[in-house]
Each structure stands twice: as structure tokens, then as C-alpha cells.
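Notes to accompany the following structure.
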Amino acid sequence: METAMKMKKENNMIGKIWKGYSFIFVFFIIFLVYALSSSTMTWSATMNILRHSAVIGIISLGMGLVCLTGEIDLSAGSTLALVSGFSVIVFNATSGNIVLTALFAIVFGAILGLVNGALVGVVKMPSFIVTLATMLIYRSFSQYFCQHMQKALIGGGSSVYRMSNSFDGYQVMYSLGNNKLATIPIVGILLILFTAVFVYITEDTKFGKKVYAIGSSEKGAFMTGINVRLMKMMVFVIMGIMVGIASYLWICMNASSDPATTGSSYEMYAIAAVVLGGVAMSGGRGKMLGVLFGSLSYTVIDKIIIALKMDSLINNAIKGIILIIVILIQVAGPEIKEKIKR
Amino acid sequence: MSLLEMKGIYKSFSGVPVLRGVDLTIEKGEIHALLGENGAGKSTLMNILTGTIAYDEGSIRFDGQELKNITIKKSEELGIAFVHQELNLFNDLKVFENIYINKEITTKFGRLDKRQMIKRSRELFENLGVSIDPTAMVSDLRTGEKQLLEICKALFFDAKLLILDEPTTSLTNEEVEHLFKIVNDLKQRGISFIFISHKMPEIFAYCDAYTVFRNGEYIGHGKIADTTPNDVTRLMVGQASEAGKIYKKRKVGEEVLRLENVSGKGFNNISFSVKKGEIIGLTGLQGAGSSELMQGIFGSEPIYSGTVKVSGETVKTGSVHRAMKAGISLLPSNRKENSVIPDMTLIENMYLAEHTLSAGKFQIHKKKEENNYLEYKDKLNIKAESGNDLITSLSGGNQQKVFIARWLNTNSDILLFDNPTQGIDVGAKEEIYRLILRLAEEGKTILVNTLEIPELQQVADSCMIFYNGEIIKVLSHDEIEEHRVMMYSTNSVGAQEGNTNGNSDEDEKGK
């Protein structure tokens with residue numbers, strides 16, 4: 001009798017952990033598959049997961065915040081293309097000033113986010129529509145200006161923004177994007193740092209509580225004096241800043257940005273990572289730590305496909321299927337449990 | 001033979017009886033008023049009649065036919081139609097599409113026969129003297145027209161009995177007259193109506209018979225011609241229970257809140273002032289303006305004109321945050337929608353309002369918040385296991401205490417309580433009354449809006465009664481008496497001049 005009760009209690013504990021941290025289980029299952037499928041599992045290969053998750057991970061953090069308020073940002077990928085492209089121009093025009101380039105990326109990202117935020121928060125337009133429109137607009141700008149810019153500014157070519165390697169700053173940025181610090185990629189460390197900041201903001205600050213409150217009950221939040229419009233605007237600006245930072249890392253890692261392909265469908269990967277991380281799309285529920293694991297999980301899937309020497313075209317199909325399975329368990333799980341109980 | 005006979009209907013929800021053997025008899029071609037206070041069981045009975053909920057015991061005869069296991073479909077087929085207070089129309093469809101929804105006329109090939117549907121709708125409207133264009137969008141209709149459309153819709157499918165649930169709350173006087181002209185016309189053709197309303201003048205102008213419920217029990221019925229608003233009101237409220245009187249007079253201080261000619265959505269030209277330590281009750285029927293006024297003062301709904309002053313200084317209205325800074329807080333009605341943040345814990349829910357006032361400090365002190373919560377937990381007697389449980393794990397009464405703590409925590413001096421005991425069990429209700437009295441004792445300035453008159457007797461120093469957006473009467477504490485408040489709330493005083501006063505005097509002598 002006593003053991004039965006104890007077992008029940010333990011079951012509850014496991015259930016609770018599973019409910020709150022299922023994203024970690026999902027990650028480890030996927031990672032295990034990777035470890036088994038890869039014949040050359042090494043420390044550096046594992047650390048590379050962090051490196052390849054950096055850009056999408058940082059975008060996902062911003063997306064996670066947006067989703068917590070119950071909104072969505074479809075323009076993230078296009079913003080990445082536009083900001084990274086223009087940052088390359090700034091880099092080339094300032095003879096390789098890395099600080100100005102970084103500053104530009106962040107401010108420009110914030111401005112693009114502000115456009116979304118003002119329309120969603122202040123004008124109260126649906127975020128799906130607003131960011132669908134800016135997704136088209138930002139991508140188109142990125143491609144258009146690449147064609148109509150002085151050749152020198154975009155690094156000589158005609159369809160790609162390329163950083164000129166004749167400046168000293170080039171090497172500095174390249175090392176930031178590709179070097180390691182104590183065997184850990186620098187961009188990976190940045191991802192973890194940003195995750196820590198976001199975990200802190202969402203769990204230990206008044207700002208974070210307001211974000212959750214708005215996503216959980218907008219009317220209720222309003223009735224406690226929260227300025228819902230301003231908050232939504234701020235969340236989109238933060239999202240823009242995160243994409244700005246991701247853009248900077250992107251050009252650090254790649255030294256160029258192709259306006260046609262850079263960040264293409266990244267908004268979808270980010271949303272998938274957010275959902276996989278356990279954030280409810282209706283808002284108000286989920287953890288920022290989950291978003292990190294969500295984006296890591298997707299990078300591991302890439303690695304598995306490479307390790308198994310599969311055609312990379314199957315990549316998205318597998319990602320999609322895993323997303324459906326995980327959400328299926330989350331949605332249908334409790335219902336099935338209820339039926340078994342009866 | 002009667003059209004409808006409901007006998008000994010008994011219904012309980014999870015062990016709590018809501019209807020205790022009630023009777024209702026409706027004759028052919030009559031307008032029958034179903035009367036009773038909120039929670040008397042009127043809507044439950046109507047939902048049983050339309051098959052929305054099942055009844056435990058009793059018998060129902062309709063049109064000479066014994067009914068068992070009523071379903072929504074069956075009651076519709078029999079010709080019983082429920083015109084709900086919140087209209088069940090599709091705003092984005094056209095008038096005729098609404099009439100024919102789910103009963104569309106189609107051609108041989110399954111295509112919608114719009115011409116036929118429009119033609120028949122037009123014929124019906126002409127027949128009834130209703131001037132609605134069948135091809136208009138429902139969203140373009142006025143509320144009165146929508147109300148008529150609902151009735152027409154029911155008649156289209158040969159309704160014999162129409163249930164009108166407070167159909168006139170959002171109608172203008174002309175619209176009410178028009179509505180009843182049509183209702184009367186239909187009555188002549190043998191159609192019966194059950195009319196649920198709190199407005200005595202209407203009931204006495206248009207209805208033929210009445211039935212009164214109180215607390216789920218059948219109290220009486222009769223012909224309207226044989227009674228007076230005064231007697232009917234007495235049946236509705238019964239004898240007020242004297243049990244547990246906790247009201248105590250307090251010393252009041254200087255004036256804190258002052259309203260001058262305030263008008264807004266749903267209320268007009270309101271002026272009054274409240275002193276420190278005073279509790280003023282607001283009451284009136286749903287939509288009479290008292291709840292709307294509270295939202296206006298709190299800034300969550302706009303105020304069109306007039307001034308709100310706190311301690312002599314004018315507060316700029318229209319912003320919740322500004323009102324909170326001026327020391328005004330509102331415990332809103334409809335807790336589930338307006339107060340509860342369902343995904344958050346007790347402590348998080350409690351601290352949300354304080355956070356918006358102290359936004360300068362970025363970080364949260366979890367330990368401090370927890371200690372503060374424990375203090376309020378003791379003070380307000382919140383029954384909860386842990387402050388880190390979800391708010392939704394608490395009962396309604398305990399949730400409400402958390403929300404009272406939410407506002408006390410902001411140190412505001414003016415507390416507006418809008419229906420504070422809505423959906424709360426009796427024991428917790430009394431706790432909340434005691435709490436309100438204690439807060440006034442501690443120097444808070446308090447307004448309590450409520451539909452329940454015993455509540456006013458427990459806490460209010462005086463009471464303002466709202467009717468149609470205006471304060472129709474102010475009563476002192478000793479004058480607050482269920483029957484009298486009901487008379488003013490339903491504006492029966494006008495319908496029965498002079499008589500009221502004499503009767504209430506008698507009433508007091510009787511005690």
C-alpha cells in the first residue's frame with residue numbers, strides 16, 4: 001500500500017518533469033540516434049552542433065518571446081537577409097569597421113522589428129498578416145538593393161552581398177564566426193549566453209511576467225494596468241534586435257549574404273523550434289530553455305542525415321514528421337491517458 | 001387545455017438543487033411573464049424546456065403530448081423557440097441566410113435556391129409588418145431589428161411557443177413598442193410567449209399572466225390584471241433573512257473620490273462623492289450602468305465628459321495606469337475573464353498589478369514576494385497549499401481573495417468592487433463582506449456594485465440605484481430593503497405612483 005502510494009507519487013514527479021521539460025527528453029532521444037548513427041562521434045563534432053544552431057537559436061529566442069505573447073513573426077527570415085546584406089554594405093563602406101557594422105545590424109534589426117511591432121501593437125493588426133507582408137517586403141528589398149548597389153559596396157559581385165577581405169576587420173569577424181574558445185565555438189557560447197539572458201528576463205523580471213500575462217489572458221493583463229500595446233511593440237523590437245544579432249553572426253560565419261537564399265524559411269524553423277521547445281502558440285506557456293533545446297534538436301537532425309549519408313532533400317520531411325510526432329504526444333497524450341484510466 | 005404544463009420539475013447540479021419541484025403552465029395565445037431574481041432558476045427551467053439540459057424529475061406536457069427525453073431538435077420540431085438575450089445570429093451572413101441556416105432550400109442539383117428563400121422571407125416580413133430587407137447584412141441591422149429577426153426566424157418554422165429572454169435590455173423605447181406590437185399581433189393568432197424580464201412597467205403593460213420563482217422554488221402565479229408591481233416584487237424577494245447581520249457603522253473622514261457630471265458608455269450625468277472609510281453600494285439591473293461606471297472610473301472604458309477627482313485633484317480618465325497611480329483600483333466582475341491569468345501562479349497573479357506600478361525596478365524579488373503573499377494569505381484567510389500553485393487550482397472564493405490581495409498590494413486608497421461575490425459560495429461570501437468592512441475601517445474608500453440586495457444590507461452605508469444609466473434613487477443604510485430596491489431598479493415606482501410609499505411604511509410597521 002505504502003509502496004503503491006510512493007510509486008504513484010514518483011509517477012507524478014516524472015509526469016511533472018516530463019510536462020515541464022519534455023524538450024530535453026526529445027533532444028536526448030534525437031541526440032542518441034545521432035550518436036548511434038555517426039561512426040565518428042567526436043567532441044568537436046558535438047560542439048559543432050552549437051555552432052550550427054547559433055543563428056537559428058538566437059532567432060528562435062526572439063520568436064519564443066513573440067509567441068509567449070500569443071503573436072507570431074513570419075518576417076524573421078527575410079529580416080535576416082535584409083539586415084545581413086545591408087550590414088555587409090556598412091562593413092565595406094566603413095573600410096571594415098566591425099563595431100559600426102555590429103551597431104548597424106542591431107539598430108537596423110530593431111527598426112524592422114519596430115515596424116512589425118507598431119502595426120501589431122499600436123494599430124492592432126493581426127501579426128500573421130503584418131509579418132506576412134513585411135516578409136515579402138524585406139526579402140524583396142534585400143534582393144532589389146543587391147542589384148542596384150555600387151559593385152564596390154557589395155564586394156564586387158552582382159547577386160550576393162560579399163564582405164571585402166582587404167580590410168583588417170574581415171579577419172576579426174571571421175575568427176568571431178569560426179574560432180573556438182576552449183574547444184567551444186564562440187558563436188555557440190554567445191547562443192548559450194543569450195539563452196541565459198532570456199531565461200533571466202522571462203523568469204525573474206517584471207517584464208517577463210507581463211509577457212506571460214498578456215499571452216495567458218490579454219483582457220486580464222489589461223485590467224491589471226499592463227500597457228498591452230506597448231508591451232507587444234517592445235517584444236517585436238526585441239525580436240528585431242535578436243535577428244539583427246543573428247545577422248551579424250551570419251556574416252561573421254559566412255562572410256557573405258545571398259539575398260535570395262539567406263534565412264529562407266528560417267521563420268518556419270524558428271517557429272518549429274519554439275513549438276518543439278514546449279511554448280504554446282496561443283501564448284502564456286513555455287520556457288525559454290525549451291527554445292534552446294528545440295533549435296539544437298533540429299541541428300542534430302541535420303547531422304544525422306549527413307551521418308547516414310542520406311539525400312539532404314529528405315531533411316525537411318524528417319523535421320516535419322518529428323514536429324508532428326512530438327506535438328501529437330503533447331496533444332493526444334493526456335486524452336489517451338484519460339481513456340486508459342477509465 | 002393548456003399549451004404547456006410543466007409539473008414538479010426537479011433539477012440539481014452536482015448535488016446542489018437548482019429547481020425544487022417547480023410548476024409552469026402556459027395557455028394558448030398568452031404572454032406569460034416568468035419572474036424571479038437572478039439565480040431563481042428561470043434560465044435552468046427554460047434550458048430544460050428546450051432540451052439543452054436534462055431534468056431529474058417531473059413531467060412536461062406540450063400541446064397535449066407527454067414529453068420525455070427532450071432534445072434540442074425535438075423541442076424545435078414541436079415548435080418551441082428560445083430567443084436568447086445574447087442573439088444567436090451570424091453577423092457576417094445576410095438576413096435570409098440567417099433565417100434558413102441549416103434548413104436551406106435547394107434546387108434539384110443541390111444548388112441554393114436563393115431567389116426562393118428571399119421571396120419567402122419577404123413574404124413573412126410583410127405578413128408581420130416588419131420592415132427588414134432580407135438581403136441586408138445582419139451586421140448592418142440595429143439591435144432592435146436583430147431582436148425582431150430572431151423572432152421572425154422562430155416563427156418561420158411554425159413556433160407555437162416563443163421564449164423571450166430579456167429581449168428589451170438593449171432596445172430603445174420605440175423599438176420596445178414596435179416589438180410588442182408584433183408580439184401582440186402574434187398572440188391574436190394563437191402563439192404563446194414566455195417573457196423573462198425585470199422591467200415591471202413592460203410586464204404590466206404587455207403581459208397577461210405571471211409565474212414567480214424564488215431560489216429554485218415555485219412561489220405563485222396569476223393574472224397580471226389581478227395584481228400590482230408591489231405584490232409581484234414581494235413574491236420575488238420573499239422575506240429577507242435576518243441571519244448574520246455584520247454591518248457596523250464607522251467614522252468617516254474627508255471626501256476622497258468625487259464625480260461631477262460624468263457620462264460614458266452606458267451611464268449619463270453621474271455626480272456623487274465618497275468619503276474616506278465610507279462604503280457606498282451601487283445597484284441596478286444588468287446594463288443599468290453601475291458596472292460600466294466603475295470601468296469608466298478605473299479607465300478601462302472611456303468617459304465622454306465630466307470630471308473624476310481624487311482628493312480634490314482631477315484625474316485624467318481613459319487609462320488604467322493613470323487611475324492606478326491616482327490610487328484607484330477595480331476588482332472587476334466576471335472574474336474568469338477579467339481577473340484570472342490562468343497560466344500563472346497565485347503569487348504571480350497577485351503581484352501583476354504591483355509590477356505595473358513599480359516598473360522602474362526591473363528584477364523580481366521572489367523571496368520578498370513570497371513573504372508578502374504569506375502575509376496576505378493570513379490576513380485574508382486564503383486557503384491554498386502553495387503560492388506557487390496555479391491560480392486555477394483554487395476555488396472561486398479563494399481566487400477572489402487573491403485578487404483582492406492584488407489590489408491591496410498596490411496600496412490604493414479607493415477600492416471599486418464590481419460584483420465581488422459572483423460565483424462564490426455562501427461561506428466565502430460572508431468572509432468577503434467582513435473583509436470589505438474591515439478595509440473601510442482601515443480607511444479605504446469603497447464602492448461596491450452588486451445585483452444582490454442582501455449584500456448591500458451587509459456592507460453599504462448608502463446605496464445608489466441605477467436605472468437606464470442614471471441614478472434613480474439614493475437610499476441610506478436603513479432604507480436599503482430588498483423590496484424597495486427592487487421597486488426602484490425595475491422602475492416600478494413610476495408604474496404605480498404613490499402606492500409604493502404607503503406600502504413600504506406598512507412594511508416597516510409590520511416588523
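Labels used: A, B, ... for chains in the order of the C-alpha cells, numbers from 1 for residues in each chain, and numbers from 1 for ligands as shown.
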Do me a favour and pick out the residues of chain A within 7 Å of chain B, using only C-alpha atoms, as JSON, numbers by chain.
-> {"A": [204, 205, 206, 213, 216, 217, 219, 220, 223, 224, 225, 226, 284, 285]}
Would you please extract all strand (DSSP E or B) residues from range 17-261 of chain A, as assigned by DSSP on the backbone, and give them as a VMD selection string?
-> chain A and resid 161 to 162 180 to 181 184 to 185 205 256 to 257
Residues at most 6 Å from range 459-472 of chain B, counting only C-alpha atoms, excluding those fewer than 3 positions away in the same chain, as a PyMOL selection string?
-> chain B and resi 247+266-268+279-284+288-289+456+475-477+489
Serialized selection, C-alpha atoms, as a PDB file, in the first residue's frame:
```
ATOM      1  CA  TYR B 247     -22.899  45.687   9.241  1.00  0.00           C
ATOM      2  CA  GLY B 266     -23.961  53.208 -20.624  1.00  0.00           C
ATOM      3  CA  PHE B 267     -24.225  55.934 -17.967  1.00  0.00           C
ATOM      4  CA  ASN B 268     -25.204  59.591 -18.011  1.00  0.00           C
ATOM      5  CA  ILE B 279     -18.766  52.091   1.685  1.00  0.00           C
ATOM      6  CA  ILE B 280     -21.246  53.040  -0.973  1.00  0.00           C
ATOM      7  CA  GLY B 281     -23.310  50.431  -2.751  1.00  0.00           C
ATOM      8  CA  LEU B 282     -24.267  50.644  -6.395  1.00  0.00           C
ATOM      9  CA  THR B 283     -27.016  48.529  -7.790  1.00  0.00           C
ATOM     10  CA  GLY B 284     -29.381  48.205 -10.694  1.00  0.00           C
ATOM     11  CA  ALA B 288     -28.286  49.802 -15.921  1.00  0.00           C
ATOM     12  CA  GLY B 289     -24.898  51.493 -15.886  1.00  0.00           C
ATOM     13  CA  LEU B 456     -25.851  45.822   0.207  1.00  0.00           C
ATOM     14  CA  LEU B 475     -31.109  55.103  -0.125  1.00  0.00           C
ATOM     15  CA  SER B 476     -29.445  55.333   3.282  1.00  0.00           C
ATOM     16  CA  HIS B 477     -28.361  52.122   5.004  1.00  0.00           C
ATOM     17  CA  SER B 489     -34.361  49.004 -10.006  1.00  0.00           C
TER      18      SER B 489
END
```
Mind checking which residues fall within 8 Å of range 253-261 of chain B, counting only C-alpha atoms, ignoring those fewer than 3 positions away in the same chain, and posting them as number ranges by chain?
-> B: 268-277, 305-312, 414, 445
Write out as number ranges by chain which residues come within 7 Å of Ile214 in chain A when counting only C-alpha atoms, dropping same-chain ones fewer than 3 positions away.
-> A: 69, 210-211, 217-218, 221, 228, 284
Excluding same-chain residues fewer than 5 positions from Ile111 in chain A, what lies within 9 Å of it counting only C-alpha atoms, as a count of residues only?
-> 5
Of the candidates B:Glu5, B:Glu175, B:Glu57, B:Glu97, which one gets nearest to Gly21 in chain B if we count only C-alpha atoms?
->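 Nearest candidate to Gly21 in chain B out of B:Glu5, B:Glu175, B:Glu57, B:Glu97: B:Glu57.
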Using DSSP on the backbone coordinates, identify the residues of range 99-229 of chain A assigned to helix (DSSP H, G or I); present them as a ChimeraX atom specification.
-> /A:99-122,127-147,168-178,186-204,206-216,218-222,228-229
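Across the structure, CA of Ile72 in chain A and CA of Cys146 in chain A are spaced 28.0 Å apart.
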Tell me which protein, DNA and RNA residues are within 10 Å of Gly290 in chain A, counting only C-alpha atoms, leaving out same-chain ones fewer than 3 positions away, and put them as a PyMOL selection string.
-> chain A and resi 20-24+27+61+64+195+199+273-279+286-287+293-296
Suppose we keep N, CA and C atoms; can you now write the selection as a short mmCIF file (atom, residue, chain, number, x, y, z; two decimals), in the first residue's frame?
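Output below, filename part.cif:
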```cif
data_model
loop_
_atom_site.label_atom_id
_atom_site.label_comp_id
_atom_site.auth_asym_id
_atom_site.auth_seq_id
_atom_site.Cartn_x
_atom_site.Cartn_y
_atom_site.Cartn_z
N GLY A 20 7.06 19.58 -17.92
CA GLY A 20 7.77 20.85 -17.95
C GLY A 20 9.02 20.83 -18.82
N TYR A 21 9.62 19.65 -18.92
CA TYR A 21 10.93 19.60 -19.59
C TYR A 21 11.00 18.54 -20.68
N SER A 22 9.89 18.24 -21.32
CA SER A 22 9.88 17.18 -22.33
C SER A 22 10.87 17.50 -23.46
N PHE A 23 11.15 18.79 -23.67
CA PHE A 23 12.06 19.17 -24.75
C PHE A 23 13.45 18.58 -24.55
N ILE A 24 13.85 18.37 -23.27
CA ILE A 24 15.16 17.79 -23.01
C ILE A 24 15.17 16.32 -23.42
N PHE A 27 15.31 16.09 -27.12
CA PHE A 27 16.66 16.37 -27.60
C PHE A 27 17.56 15.16 -27.41
N LEU A 61 14.97 32.41 -29.96
CA LEU A 61 14.75 33.03 -28.66
C LEU A 61 13.79 34.21 -28.79
N GLY A 64 10.44 32.98 -29.58
CA GLY A 64 9.82 32.42 -28.38
C GLY A 64 9.11 33.51 -27.59
N THR A 195 20.70 32.72 -24.31
CA THR A 195 19.65 31.90 -23.69
C THR A 195 19.55 32.22 -22.21
N VAL A 199 16.31 33.48 -20.34
CA VAL A 199 15.73 32.75 -19.21
C VAL A 199 15.56 33.71 -18.03
N ALA A 273 11.10 25.28 -33.78
CA ALA A 273 11.95 25.11 -32.60
C ALA A 273 11.22 25.58 -31.34
N VAL A 274 10.49 26.67 -31.47
CA VAL A 274 9.73 27.21 -30.34
C VAL A 274 8.67 26.21 -29.89
N VAL A 275 7.96 25.63 -30.86
CA VAL A 275 6.90 24.68 -30.53
C VAL A 275 7.50 23.40 -29.94
N LEU A 276 8.58 22.94 -30.57
CA LEU A 276 9.26 21.75 -30.08
C LEU A 276 9.76 21.99 -28.65
N GLY A 277 10.12 23.21 -28.36
CA GLY A 277 10.58 23.58 -27.03
C GLY A 277 9.47 23.73 -26.02
N GLY A 278 8.23 23.52 -26.44
CA GLY A 278 7.13 23.49 -25.49
C GLY A 278 6.42 24.81 -25.28
N VAL A 279 6.67 25.79 -26.13
CA VAL A 279 5.94 27.06 -25.99
C VAL A 279 4.62 26.95 -26.73
N GLY A 286 5.27 28.04 -21.56
CA GLY A 286 6.50 27.56 -22.17
C GLY A 286 7.73 28.19 -21.56
N LYS A 287 8.89 27.57 -21.82
CA LYS A 287 10.13 28.03 -21.22
C LYS A 287 11.15 28.38 -22.29
N PHE A 293 16.75 24.08 -26.62
CA PHE A 293 16.80 22.65 -26.95
C PHE A 293 16.05 22.36 -28.24
N GLY A 294 14.98 23.09 -28.47
CA GLY A 294 14.23 22.92 -29.71
C GLY A 294 15.10 23.19 -30.92
N SER A 295 15.85 24.29 -30.86
CA SER A 295 16.67 24.61 -32.04
C SER A 295 17.86 23.66 -32.14
N LEU A 296 18.42 23.24 -30.99
CA LEU A 296 19.52 22.25 -31.04
C LEU A 296 19.04 20.95 -31.68
#
```
Any idea what the distance is between CA of Asn381 in chain B and CA of Lys401 in chain B?
->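 Taking CA of Asn381 in chain B and CA of Lys401 in chain B, their separation equals 8.0 Å.
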Selected residue of minimal separation from Met137 in chain B among B:Ser291, B:Ser43, B:Asn91, B:Asn230, counting only C-alpha atoms = B:Asn91
